[in-house]
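First comes the structure, then the notes that go with it.
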2 protein chains.
Amino acid sequence: MTGIFQSRLLWGWGNKMLEKQRQQLIIDYLEEAKFASVPVLRDQLNSSEATIRRDLNKLAAARKIKKIRGGAEVIQSAATPATKIAGKSFWVDKEKNVDTKRMIAKRAVELCTDGESVIINGGSSTFMMAEFLQDRRINILTNSFVLAHELLENSQNQVSLPGGEVYRKQSIILSSFENDTTQNYRGSRMFMGCPGISEIGVMETDPLLILAEQKLRKRADKLIVLADSSKIGVKGNLIFSPLSDVDMVITDSNADKTILKYFEAQGIEVIVVDACD
Amino acid sequence: MTGIFQSRLLWGWGNKMLEKQRQQLIIDYLEEAKFASVPVLRDQLNSSEATIRRDLNKLAAARKIKKIRGGAEVIQSAATPATKIAGKSFWVDKEKNVDTKRMIAKRAVELCTDGESVIINGGSSTFMMAEFLQDRRINILTNSFVLAHELLENSQNQVSLPGGEVYRKQSIILSSFENDTTQNYRGSRMFMGCPGISEIGVMETDPLLILAEQKLRKRADKLIVLADSSKIGVKGNLIFSPLSDVDMVITDSNADKTILKYFEAQGIEVIVVDACD
DNA sequence: ATGATTTTGATTGATTCTGATTTTTTATAC
DNA sequence: GTATAAAAAATCAGAATCAATCAAAATCAT
């Protein structure tokens with residue numbers, strides 16, 4: 001019997017496998033195959049169907065997989081970032097323009113002066129600012145749990161958080177109530193990424209986030225949007241804020257020049273960094 | 001003899017291995033294999049299962065590895081975030097009563113029912129509750145950034161945070177303002193550790209923390225103090241709360257019985273777990 | 001060396017996990 | 001609708017794991 005994971009086990013099949021280990025292998029298998037039937041997993045993992053079923057129940061309860069009749073499937077959606085909370089493996093795998101986004105993030109950080117207070121809205125673009133904040137001394141309010149973690153570990157910046165429940169799907173803190181600490185916080189700038197920005201404004205995808213983010217927006221003097229060229233001109237159904245509320249857009253040289261001109265005509269400062277592709 | 005670490009030992013298998021050395025080898029092994037069962041480690045390290053288990057408990061308490069049924073696994077997230085953020089001053093230097101503190105933490109978690117809302121004040125004692133919260137479903141408000149991080153990564157509990165600045169020294173969130181989210185949060189119990197508890201009340205050492213902690217206290221119906229025997233009867237200069245405000249004390253069997261009797265006479269429920277020393 | 005302390009490994013009983021069997025549920029065909 | 005087959009859940013005995021205990025061995029302080 002040759003399970004595909006045999007080679008990964010240092011001690012071979014002779015020994016018993018740990019429950020946690022077996023479950024991890026199920027997850028790994030699903031990442032690869034997308035679907036798996038109970039008999040297949042039974043053979044792969046050299047276990048009984050009863051045990052496999054119990055594993056699937058536990059994994060499904062923990063939302064690591066989705067149970068379907070006859071077996072299991074991966075959880076599609078963007079449910080993975082929550083589990084890959086640690087470090088670089090964040091969204092990176094899904095993102096294409098990583099290098100460009102990194103340059104945009106770098107430029108964004110360069111706008112800040114030490115001692116300043118800024119607000120950073122959570123997201124994959126703004127997360128990349130962490131790298132360039134390492135040797136800075138800035139007061140940062142962020143609703144991103146992962147960014148806060150990163151900054152606490154690898155920088156000396158002052159970090160503040162709004163209160164609320166941590167929304168696991170995006171590891172963002174949702175301020176559920178009206179009165180929260182952010183009320184008393186004031187930032188000179190708020191940095192945010194977005195799924196799209198066009199004539200109609202800045203887009204957002206998650207309705208749960210939008211309210212909390214808009215509340216943050218009120219605490220900052222200026223709004224700076226980090227949007228690589230793939231976001232420029234993209235419209236969606238949820239409007240985070242009208243264009244009139246945007247003060248600056250940082251994008252890359254592949255962006256549609258016509259729209260950028262339009263932005264500038266609206267009084268928005270546009271910064272273009274060189275695209276890396 | 002087939003231990004994979006044989007070549008690394010200068011003096012060969014005939015001689016005894018030092019405890020620290022053995023534990024380091026366990027860590028090394030886990031870094032490589034990700035998982036390890038107790039029998040495998042017993043063979044690899046030429047030791048007994050009892051010893052391996054004791055090592056695993058100590059390593060898990062020090063957050064170097066994660067204990068799972070049947071053995072151990074690496075801490076997948078950035079390997080050391082907990083110890084790193086919290087700094088050595090946190091628990092590394094208090095290695096003394098880890099086993100006992102772990103049992104106290106376990107007992108504390110056993111008080112909680114799934115679905116309940118509780119408040120957990122940050123500290124080395126309460127941090128150990130994380131291990132036992134892994135498979136629970138509890139709504140947790142905590143001012144401890146590291147605890148929140150741990151719970152988000154290794155459990156499915158709902159996690160909420162008070163807003164405020166992260167106080168790096170203890171990785172505790174200081175709610176700097178009057179209005180914050182915790183105002184709307186209600187917990188049936190608040191768990192806290194402390195540097196000392198005696199007839200005059202529960203002690204605290206850090207004046208910066210005490211205000212934020214007292215604010216949390218107001219949001220919970222009952223106060224449960226985790227205090228191993230070395231804390232019982234210890235007085236300090238900063239009083240967190242009078243004894244009348246305490247509902248329960250969880251300690252170990254080495255604690256001074258006279259004081260415990262006094263606590264009970266004051267209407268405090270005292271739970272004594274067996275000391276592990 | 002001597003006695004005190006710590007570490008170790010075997011044993012115990014309680015708990016949890018596993019896999020075979022049986023029962024219930026679900027999907028599909030008739 | 002019922003019949004049928006496949007899958008999931010429930011049951012249960014045996015196996016594995018684990019914490020606690022205790023005595024032997026090793027280590028340490030004097």
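Labels for the structure tokens follow display order: chains A, B, ..., residues from 1 in each chain, ligands from 1.
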
Residues of chain B within 9 Å of chain D, only C-alpha atoms (C1' of nucleotides) counted, as number ranges by chain: B: 53, 69-70

Resulting file, chosen residues, C-alpha atoms, as a compact mmCIF listing (two decimals), in the first residue's frame:
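Heads up, here's the output in selection_4.txt:
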# COMPACT_ATOMS: atom_id res chain seq x y z
CA ARG B 53 6.10 13.30 28.44
CA ARG B 69 -2.48 13.83 21.85
CA GLY B 70 0.10 11.15 21.23

Would you superpose chain A on chain B, least squares on all C-alpha atoms in order, and hand back the fitted chain as a compact mmCIF listing (two decimals) with C-alpha atoms, in the first residue's frame?
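Okay, this is what ended up in result18.txt:
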# COMPACT_ATOMS: atom_id res chain seq x y z
CA MET A 1 26.81 3.80 17.63
CA THR A 2 23.75 3.96 19.76
CA GLY A 3 22.13 7.35 20.10
CA ILE A 4 19.53 7.39 22.83
CA PHE A 5 16.86 8.32 20.35
CA GLN A 6 17.45 5.38 18.08
CA SER A 7 14.37 3.58 19.21
CA ARG A 8 12.22 6.55 18.40
CA LEU A 9 13.07 6.45 14.75
CA LEU A 10 11.00 4.03 12.81
CA TRP A 11 13.49 3.72 10.03
CA GLY A 12 16.70 3.57 12.03
CA TRP A 13 19.93 5.37 11.49
CA GLY A 14 20.56 4.15 8.00
CA ASN A 15 18.39 6.81 6.51
CA LYS A 16 18.98 10.50 6.52
CA MET A 17 17.31 12.55 9.13
CA LEU A 18 15.29 15.61 8.34
CA GLU A 19 16.57 18.92 9.53
CA LYS A 20 13.38 19.66 11.46
CA GLN A 21 13.43 16.24 13.02
CA ARG A 22 17.01 16.59 14.14
CA GLN A 23 16.21 19.91 15.71
CA GLN A 24 13.24 18.46 17.53
CA LEU A 25 15.42 15.73 18.93
CA ILE A 26 17.86 18.33 20.17
CA ILE A 27 15.02 20.04 21.98
CA ASP A 28 13.82 16.73 23.40
CA TYR A 29 17.29 15.86 24.54
CA LEU A 30 17.67 19.21 26.25
CA GLU A 31 14.34 18.90 28.02
CA GLU A 32 15.74 15.77 29.56
CA ALA A 33 19.37 16.62 30.15
CA LYS A 34 19.17 20.39 30.63
CA PHE A 35 22.61 20.76 29.02
CA ALA A 36 24.21 19.28 25.95
CA SER A 37 27.62 19.72 24.40
CA VAL A 38 28.14 19.87 20.68
CA PRO A 39 30.18 16.64 20.55
CA VAL A 40 27.53 14.79 22.52
CA LEU A 41 24.80 15.94 20.18
CA ARG A 42 27.00 15.08 17.21
CA ASP A 43 27.24 11.50 18.48
CA GLN A 44 23.62 11.22 19.54
CA LEU A 45 22.34 12.47 16.24
CA ASN A 46 24.98 10.91 14.08
CA SER A 47 25.78 14.19 12.42
CA SER A 48 28.67 16.59 12.08
CA GLU A 49 29.59 19.35 14.47
CA ALA A 50 29.03 21.95 11.81
CA THR A 51 25.48 20.80 11.32
CA ILE A 52 24.82 20.69 15.04
CA ARG A 53 26.12 24.21 15.40
CA ARG A 54 23.90 25.40 12.59
CA ASP A 55 20.93 23.72 14.23
CA LEU A 56 21.72 25.31 17.57
CA ASN A 57 21.95 28.72 15.94
CA LYS A 58 18.55 28.31 14.34
CA LEU A 59 16.94 26.98 17.48
CA ALA A 60 18.44 29.78 19.53
CA ALA A 61 17.20 32.35 17.02
CA ALA A 62 13.75 30.87 17.42
CA ARG A 63 14.21 31.00 21.18
CA LYS A 64 13.64 27.30 21.54
CA ILE A 65 16.94 26.76 23.34
CA LYS A 66 19.69 28.87 24.79
CA LYS A 67 23.12 28.68 23.28
CA ILE A 68 26.05 28.49 25.65
CA ARG A 69 29.69 28.08 24.91
CA GLY A 70 30.35 24.47 24.06
CA GLY A 71 26.73 23.57 23.50
CA ALA A 72 23.26 24.53 24.59
CA GLU A 73 20.87 24.51 27.51
CA VAL A 74 17.13 24.58 27.97
CA ILE A 75 15.38 27.87 28.38
CA GLN A 76 14.40 27.76 32.02
CA SER A 77 11.75 30.37 32.83
CA ALA A 78 8.14 29.98 31.86
CA ALA A 79 9.06 30.38 28.26
CA THR A 80 7.53 27.03 27.43
CA PRO A 81 3.84 27.85 27.77
CA ALA A 82 4.08 29.97 24.67
CA THR A 83 5.26 27.05 22.62
CA LYS A 84 2.85 24.65 24.21
CA ILE A 85 0.06 26.93 23.23
CA ALA A 86 -2.12 24.11 22.04
CA GLY A 87 -4.59 22.68 24.41
CA LYS A 88 -4.17 20.99 27.74
CA SER A 89 -0.40 20.72 27.78
CA PHE A 90 -0.54 24.41 28.52
CA TRP A 91 0.74 24.95 32.01
CA VAL A 92 -0.70 21.76 33.31
CA ASP A 93 2.60 20.04 33.83
CA LYS A 94 3.78 22.69 36.26
CA GLU A 95 0.58 22.97 38.17
CA LYS A 96 -0.04 20.86 41.20
CA ASN A 97 -3.58 21.53 42.28
CA VAL A 98 -5.10 20.88 38.90
CA ASP A 99 -8.20 19.13 40.18
CA THR A 100 -8.88 21.77 42.78
CA LYS A 101 -8.33 24.55 40.31
CA ARG A 102 -10.72 22.82 37.99
CA MET A 103 -13.41 22.86 40.65
CA ILE A 104 -12.75 26.53 41.27
CA ALA A 105 -13.07 27.23 37.58
CA LYS A 106 -16.29 25.25 37.46
CA ARG A 107 -17.74 27.27 40.31
CA ALA A 108 -16.74 30.47 38.57
CA VAL A 109 -18.58 29.50 35.41
CA GLU A 110 -21.66 28.60 37.43
CA LEU A 111 -21.91 32.23 38.44
CA CYS A 112 -22.58 33.23 34.86
CA THR A 113 -25.98 33.26 33.27
CA ASP A 114 -26.48 32.70 29.57
CA GLY A 115 -26.61 35.92 27.61
CA GLU A 116 -24.44 37.73 30.10
CA SER A 117 -21.29 39.61 29.11
CA VAL A 118 -18.16 38.83 31.11
CA ILE A 119 -14.46 39.51 30.94
CA ILE A 120 -11.96 36.74 31.47
CA ASN A 121 -8.38 37.67 32.12
CA GLY A 122 -5.85 35.19 30.77
CA GLY A 123 -4.06 32.73 33.02
CA SER A 124 -3.88 29.06 33.91
CA SER A 125 -6.76 29.23 36.39
CA THR A 126 -9.15 31.03 34.13
CA PHE A 127 -8.15 28.87 31.18
CA MET A 128 -9.78 25.97 32.95
CA MET A 129 -13.10 27.74 32.75
CA ALA A 130 -13.18 26.82 29.08
CA GLU A 131 -14.18 23.24 29.83
CA PHE A 132 -17.30 24.38 31.63
CA LEU A 133 -18.17 27.02 29.11
CA GLN A 134 -18.65 24.45 26.39
CA ASP A 135 -22.41 24.36 26.34
CA ARG A 136 -23.02 27.91 27.41
CA ARG A 137 -24.00 31.01 25.52
CA ILE A 138 -22.09 33.85 27.09
CA ASN A 139 -20.48 36.94 25.61
CA ILE A 140 -16.86 36.76 26.57
CA LEU A 141 -14.14 39.35 26.23
CA THR A 142 -10.73 37.88 26.92
CA ASN A 143 -7.15 38.98 26.43
CA SER A 144 -6.00 35.36 26.33
CA PHE A 145 -5.30 34.14 22.85
CA VAL A 146 -5.34 30.49 23.87
CA LEU A 147 -8.62 30.83 25.72
CA ALA A 148 -10.17 32.55 22.73
CA HIS A 149 -8.93 29.74 20.52
CA GLU A 150 -10.30 27.12 22.84
CA LEU A 151 -13.69 28.81 23.08
CA LEU A 152 -13.94 29.26 19.33
CA GLU A 153 -13.15 25.63 18.76
CA ASN A 154 -15.17 24.03 21.49
CA SER A 155 -18.07 26.27 22.30
CA GLN A 156 -20.65 28.55 20.80
CA ASN A 157 -20.01 31.49 23.07
CA GLN A 158 -19.49 34.87 21.53
CA VAL A 159 -15.82 35.74 21.77
CA SER A 160 -14.31 39.22 21.64
CA LEU A 161 -10.72 40.31 21.90
CA PRO A 162 -9.02 43.55 22.79
CA GLY A 163 -6.74 44.77 20.02
CA GLY A 164 -3.00 44.73 20.37
CA GLU A 165 0.16 42.76 20.04
CA VAL A 166 0.21 39.15 21.14
CA TYR A 167 2.72 38.74 23.95
CA ARG A 168 4.13 35.37 23.08
CA LYS A 169 5.50 34.53 26.50
CA GLN A 170 2.00 34.22 27.89
CA SER A 171 -0.03 34.33 24.71
CA ILE A 172 -1.82 37.33 26.08
CA ILE A 173 -2.87 40.26 23.94
CA LEU A 174 -1.29 43.48 25.11
CA SER A 175 -3.37 46.49 24.28
CA SER A 176 -0.63 48.89 23.55
CA PHE A 177 -2.68 52.00 23.09
CA GLU A 178 -5.17 54.03 24.97
CA ASN A 179 -8.00 53.78 22.53
CA ASP A 180 -9.00 50.26 21.97
CA THR A 181 -12.12 48.31 21.56
CA THR A 182 -12.38 47.32 25.17
CA GLN A 183 -13.28 50.91 25.87
CA ASN A 184 -16.69 50.21 24.48
CA TYR A 185 -17.10 46.81 26.01
CA ARG A 186 -18.82 46.39 29.30
CA GLY A 187 -18.87 43.20 31.33
CA SER A 188 -20.80 42.47 34.47
CA ARG A 189 -17.88 40.51 35.90
CA MET A 190 -14.20 40.10 35.33
CA PHE A 191 -12.64 36.78 36.26
CA MET A 192 -8.95 36.58 36.94
CA GLY A 193 -6.38 34.31 38.52
CA CYS A 194 -3.34 35.66 40.32
CA PRO A 195 -0.05 34.57 41.85
CA GLY A 196 -1.21 35.77 45.24
CA ILE A 197 -3.88 37.62 47.21
CA SER A 198 -3.57 38.99 50.73
CA GLU A 199 -4.54 41.95 52.90
CA ILE A 200 -2.58 44.25 50.62
CA GLY A 201 -4.43 43.20 47.53
CA VAL A 202 -4.20 41.11 44.37
CA MET A 203 -0.69 40.45 43.08
CA GLU A 204 0.66 40.20 39.58
CA THR A 205 4.11 39.12 38.43
CA ASP A 206 4.58 40.49 34.95
CA PRO A 207 4.88 44.28 34.74
CA LEU A 208 4.07 44.22 31.03
CA LEU A 209 0.73 42.58 31.66
CA ILE A 210 -0.41 44.63 34.59
CA LEU A 211 -1.31 47.77 32.67
CA ALA A 212 -3.32 45.95 30.05
CA GLU A 213 -5.08 43.96 32.73
CA GLN A 214 -5.94 47.01 34.78
CA LYS A 215 -7.47 48.53 31.69
CA LEU A 216 -9.68 45.48 31.30
CA ARG A 217 -10.64 45.73 34.94
CA LYS A 218 -12.21 49.13 34.33
CA ARG A 219 -14.68 47.61 31.87
CA ALA A 220 -16.21 45.23 34.41
CA ASP A 221 -18.61 45.96 37.24
CA LYS A 222 -17.26 43.31 39.58
CA LEU A 223 -13.92 41.61 40.05
CA ILE A 224 -13.88 37.93 40.85
CA VAL A 225 -10.54 36.39 41.81
CA LEU A 226 -9.87 32.68 41.32
CA ALA A 227 -7.24 31.72 43.88
CA ASP A 228 -6.63 28.20 45.14
CA SER A 229 -5.41 27.85 48.72
CA SER A 230 -1.73 28.11 47.74
CA LYS A 231 -2.34 31.70 46.65
CA ILE A 232 -4.18 32.90 49.73
CA GLY A 233 -2.01 35.13 51.86
CA VAL A 234 0.81 35.23 49.31
CA LYS A 235 2.36 38.63 48.77
CA GLY A 236 4.53 39.83 45.96
CA ASN A 237 6.02 43.04 44.75
CA LEU A 238 3.56 44.05 42.06
CA ILE A 239 0.09 45.02 43.18
CA PHE A 240 -2.59 44.57 40.57
CA SER A 241 -5.33 46.07 42.65
CA PRO A 242 -6.11 46.83 46.30
CA LEU A 243 -8.42 44.51 48.16
CA SER A 244 -11.13 47.15 48.14
CA ASP A 245 -11.46 46.60 44.44
CA VAL A 246 -12.20 42.89 44.79
CA ASP A 247 -15.81 41.71 44.95
CA MET A 248 -15.45 37.97 45.24
CA VAL A 249 -12.79 35.32 45.88
CA ILE A 250 -13.22 31.69 44.91
CA THR A 251 -10.83 29.37 46.72
CA ASP A 252 -10.67 25.87 48.19
CA SER A 253 -11.10 24.37 51.64
CA ASN A 254 -7.38 24.28 52.40
CA ALA A 255 -7.20 28.05 52.47
CA ASP A 256 -6.23 29.88 55.66
CA LYS A 257 -9.53 30.61 57.39
CA THR A 258 -8.20 33.67 59.18
CA ILE A 259 -7.43 35.49 55.97
CA LEU A 260 -10.74 34.45 54.46
CA LYS A 261 -12.51 35.92 57.50
CA TYR A 262 -10.56 39.10 56.95
CA PHE A 263 -11.62 39.20 53.31
CA GLU A 264 -15.26 38.82 54.33
CA ALA A 265 -14.87 41.58 56.87
CA GLN A 266 -13.75 43.78 54.01
CA GLY A 267 -17.03 43.08 52.24
CA ILE A 268 -15.63 40.48 49.86
CA GLU A 269 -17.81 37.49 49.14
CA VAL A 270 -15.78 34.32 49.66
CA ILE A 271 -16.73 31.05 48.01
CA VAL A 272 -14.98 27.89 49.16
CA VAL A 273 -15.04 24.72 47.08
CA ASP A 274 -13.87 21.36 48.37
CA ALA A 275 -10.19 20.74 47.73
CA CYS A 276 -9.41 17.57 45.77
CA ASP A 277 -6.26 16.18 47.27

Distance filter 10 Å, only C-alpha atoms (C1' of nucleotides), chain C against chain B, as number ranges by chain: C: 7-10, 16-17

Every residue of stretch 35-256 of chain B that DSSP places in helix (DSSP H, G or I), as a VMD selection string: chain B and resid 38 to 45 49 to 61 81 to 86 88 to 94 98 to 110 124 to 127 129 to 132 145 to 154 181 to 184 207 to 217 229 to 231 243 to 245
